[in-house]
Amino acid sequence: MRKTFCLVLLLFFVLPPGAEAATLEDAFSPRQGATDLIVKTIGEARTSICVAAYLFTSHPIAAALVKAHARGVDVRVVLDGHQDYRRAIDYMDRHGIATRFNDRYAIMHDKFMIVDRRTLETGSFNFTRSAEDNNAENVLVVHDSPRIVADYRRQWNKLWAEAARPSGSWF
């Protein structure tokens, strides 16, 4: 938190009047708060969550998305089309979360989440147990940066439009 405060203070004195003054939160893995920060960010959602993810096996993150959906948040997830492990994805689908799979690219390696059209979560962190327990990864949450969030929203809309809901034995 001290880093975030110092950054905000620095930006206050450096940015010209009218410029964006985002606030930031960060966390790392293994077991340095990355999953907790993502779950906290999901818990703050009031209207919408748009997720773009390469891999998704994290039960705590899936459970947080299901909980948000249950309280009326519009949750939509677009995933790389080459998923091998589907337990968390099936769990979200059974609870009514809109999910699509994008196989337009060799890999859709995105890892970001837009919350309430005003907060962005991004970083190297895949939404997986391995990312939390075994890998050195990072999470950055950007609050109150409309231009950056709008850029990610446009990219998410593109990925969602390109994707399809699978048929057959997935669900």
# chains A, B, ... in the order shown; residues from 1 in each chain; ligands from 1
call {"tool": "residues_around", "arguments": {"residues": "stretch 118-130 of chain A", "least_positions_apart": "6", "cutoff": "8 Å", "atoms": "only C-alpha atoms", "output": "ChimeraX atom specification"}}
result
/A:34,38,41,53-59,61,111-112,137-146,149,152
call {"tool": "write_last_selection", "arguments": {"atoms": "N, CA, C and O atoms", "output": "mmCIF file, in the first residue's frame"}}
result
data_model
loop_
_atom_site.group_PDB
_atom_site.id
_atom_site.type_symbol
_atom_site.label_atom_id
_atom_site.label_comp_id
_atom_site.auth_asym_id
_atom_site.auth_seq_id
_atom_site.Cartn_x
_atom_site.Cartn_y
_atom_site.Cartn_z
ATOM 1 N N ALA A 34 -1.647 -12.706 -4.996
ATOM 2 C CA ALA A 34 -2.183 -12.478 -6.341
ATOM 3 C C ALA A 34 -3.648 -12.913 -6.450
ATOM 4 O O ALA A 34 -4.509 -12.128 -6.864
ATOM 5 N N ILE A 38 -7.189 -10.536 -6.867
ATOM 6 C CA ILE A 38 -8.183 -10.733 -7.928
ATOM 7 C C ILE A 38 -9.557 -10.997 -7.318
ATOM 8 O O ILE A 38 -10.557 -10.399 -7.737
ATOM 9 N N THR A 41 -10.971 -7.787 -5.992
ATOM 10 C CA THR A 41 -11.425 -6.919 -7.091
ATOM 11 C C THR A 41 -12.770 -7.395 -7.620
ATOM 12 O O THR A 41 -13.666 -6.584 -7.865
ATOM 13 N N ALA A 53 -9.151 -14.634 -20.647
ATOM 14 C CA ALA A 53 -8.157 -15.478 -19.993
ATOM 15 C C ALA A 53 -7.631 -16.550 -20.928
ATOM 16 O O ALA A 53 -8.400 -17.159 -21.678
ATOM 17 N N TYR A 54 -6.352 -16.770 -20.826
ATOM 18 C CA TYR A 54 -5.710 -17.855 -21.570
ATOM 19 C C TYR A 54 -6.087 -19.192 -20.946
ATOM 20 O O TYR A 54 -6.688 -20.046 -21.585
ATOM 21 N N LEU A 55 -5.752 -19.391 -19.693
ATOM 22 C CA LEU A 55 -6.103 -20.601 -18.968
ATOM 23 C C LEU A 55 -6.957 -20.240 -17.759
ATOM 24 O O LEU A 55 -6.809 -19.162 -17.196
ATOM 25 N N PHE A 56 -7.815 -21.183 -17.337
ATOM 26 C CA PHE A 56 -8.665 -20.904 -16.176
ATOM 27 C C PHE A 56 -8.913 -22.196 -15.421
ATOM 28 O O PHE A 56 -9.725 -23.018 -15.832
ATOM 29 N N THR A 57 -8.206 -22.355 -14.296
ATOM 30 C CA THR A 57 -8.430 -23.521 -13.437
ATOM 31 C C THR A 57 -8.585 -23.130 -11.975
ATOM 32 O O THR A 57 -8.731 -23.999 -11.122
ATOM 33 N N SER A 58 -8.553 -21.844 -11.659
ATOM 34 C CA SER A 58 -8.584 -21.395 -10.269
ATOM 35 C C SER A 58 -9.992 -21.462 -9.696
ATOM 36 O O SER A 58 -10.877 -20.700 -10.098
ATOM 37 N N HIS A 59 -10.185 -22.358 -8.723
ATOM 38 C CA HIS A 59 -11.497 -22.436 -8.077
ATOM 39 C C HIS A 59 -11.817 -21.176 -7.271
ATOM 40 O O HIS A 59 -12.958 -20.696 -7.343
ATOM 41 N N ILE A 61 -11.071 -18.075 -7.856
ATOM 42 C CA ILE A 61 -11.483 -17.014 -8.786
ATOM 43 C C ILE A 61 -12.813 -17.366 -9.428
ATOM 44 O O ILE A 61 -13.709 -16.519 -9.530
ATOM 45 N N LYS A 111 -4.803 -12.000 -20.315
ATOM 46 C CA LYS A 111 -5.111 -12.257 -18.908
ATOM 47 C C LYS A 111 -5.540 -10.935 -18.315
ATOM 48 O O LYS A 111 -4.726 -10.214 -17.737
ATOM 49 N N PHE A 112 -6.804 -10.585 -18.483
ATOM 50 C CA PHE A 112 -7.274 -9.334 -17.898
ATOM 51 C C PHE A 112 -8.751 -9.411 -17.575
ATOM 52 O O PHE A 112 -9.468 -10.281 -18.059
ATOM 53 N N GLU A 137 4.559 -14.804 -10.875
ATOM 54 C CA GLU A 137 3.664 -14.029 -11.742
ATOM 55 C C GLU A 137 3.246 -12.758 -11.025
ATOM 56 O O GLU A 137 3.534 -12.574 -9.846
ATOM 57 N N ASN A 138 2.550 -11.882 -11.743
ATOM 58 C CA ASN A 138 2.157 -10.601 -11.163
ATOM 59 C C ASN A 138 0.743 -10.226 -11.543
ATOM 60 O O ASN A 138 0.217 -10.663 -12.572
ATOM 61 N N VAL A 139 0.140 -9.411 -10.691
ATOM 62 C CA VAL A 139 -1.200 -8.859 -10.901
ATOM 63 C C VAL A 139 -1.110 -7.356 -10.667
ATOM 64 O O VAL A 139 -0.501 -6.907 -9.693
ATOM 65 N N LEU A 140 -1.724 -6.591 -11.551
ATOM 66 C CA LEU A 140 -1.819 -5.147 -11.388
ATOM 67 C C LEU A 140 -3.280 -4.761 -11.553
ATOM 68 O O LEU A 140 -3.919 -5.141 -12.544
ATOM 69 N N VAL A 141 -3.808 -4.026 -10.589
ATOM 70 C CA VAL A 141 -5.178 -3.522 -10.673
ATOM 71 C C VAL A 141 -5.105 -2.009 -10.811
ATOM 72 O O VAL A 141 -4.461 -1.329 -10.000
ATOM 73 N N VAL A 142 -5.739 -1.495 -11.867
ATOM 74 C CA VAL A 142 -5.728 -0.074 -12.191
ATOM 75 C C VAL A 142 -7.138 0.461 -11.970
ATOM 76 O O VAL A 142 -8.086 0.012 -12.626
ATOM 77 N N HIS A 143 -7.262 1.411 -11.051
ATOM 78 C CA HIS A 143 -8.549 2.045 -10.774
ATOM 79 C C HIS A 143 -8.547 3.456 -11.373
ATOM 80 O O HIS A 143 -7.539 4.163 -11.304
ATOM 81 N N ASP A 144 -9.657 3.852 -11.946
ATOM 82 C CA ASP A 144 -9.879 5.238 -12.372
ATOM 83 C C ASP A 144 -8.909 5.717 -13.449
ATOM 84 O O ASP A 144 -8.307 6.775 -13.335
ATOM 85 N N SER A 145 -8.790 4.923 -14.492
ATOM 86 C CA SER A 145 -8.046 5.326 -15.681
ATOM 87 C C SER A 145 -8.940 5.064 -16.892
ATOM 88 O O SER A 145 -8.799 4.045 -17.580
ATOM 89 N N PRO A 146 -9.893 5.962 -17.166
ATOM 90 C CA PRO A 146 -10.890 5.710 -18.218
ATOM 91 C C PRO A 146 -10.302 5.386 -19.580
ATOM 92 O O PRO A 146 -10.812 4.524 -20.283
ATOM 93 N N VAL A 149 -8.853 1.733 -19.456
ATOM 94 C CA VAL A 149 -9.965 0.773 -19.350
ATOM 95 C C VAL A 149 -10.718 0.709 -20.673
ATOM 96 O O VAL A 149 -11.090 -0.380 -21.123
ATOM 97 N N TYR A 152 -8.835 -1.512 -23.146
ATOM 98 C CA TYR A 152 -9.023 -2.930 -22.825
ATOM 99 C C TYR A 152 -10.460 -3.371 -23.122
ATOM 100 O O TYR A 152 -10.678 -4.499 -23.567
#
call {"tool": "select_by_dssp", "arguments": {"residues": "stretch 41-112 of chain A", "states": "strand (DSSP E or B)", "output": "list of chain:residue names"}}
result
A:Ser48, A:Ile49, A:Cys50, A:Val51, A:Ala52, A:Ala53, A:Phe56, A:Asp74, A:Val75, A:Arg76, A:Val77, A:Val78, A:Leu79, A:Asp80, A:Ala98, A:Thr99, A:Arg100, A:Phe101, A:Asn102, A:Lys111, A:Phe112
call {"tool": "select_by_dssp", "arguments": {"residues": "stretch 68-138 of chain A", "states": "alpha helix (DSSP H)", "output": "list in words"}}
result
Ala68, His69, Ala70, Arg87, Ala88, Ile89, Asp90, Tyr91, Met92, Asp93, Arg94, Arg129, Ser130, Ala131, Glu132 and Asp133 of chain A
call {"tool": "residues_around", "arguments": {"residues": "stretch 78-80 of chain A", "least_positions_apart": "5", "cutoff": "10 Å", "atoms": "only C-alpha atoms", "output": "VMD selection string"}}
result
chain A and resid 50 to 56 89 98 to 111 156 to 157 159 to 165
call {"tool": "atom_distance", "arguments": {"atom1": "atom CA of A:Asp26", "atom2": "atom CA of A:Asp74"}}
result
24.8 Å
call {"tool": "atom_distance", "arguments": {"atom1": "atom CA of A:Gln83", "atom2": "atom CA of A:Arg117"}}
result
26.8 Å
call {"tool": "residues_around", "arguments": {"residues": "A:Ile42", "least_positions_apart": "3", "cutoff": "12 Å", "atoms": "only C-alpha atoms", "output": "VMD selection string"}}
result
chain A and resid 35 to 39 45 to 51 60 to 69 71 73 to 75 112 to 116 119 to 121 141
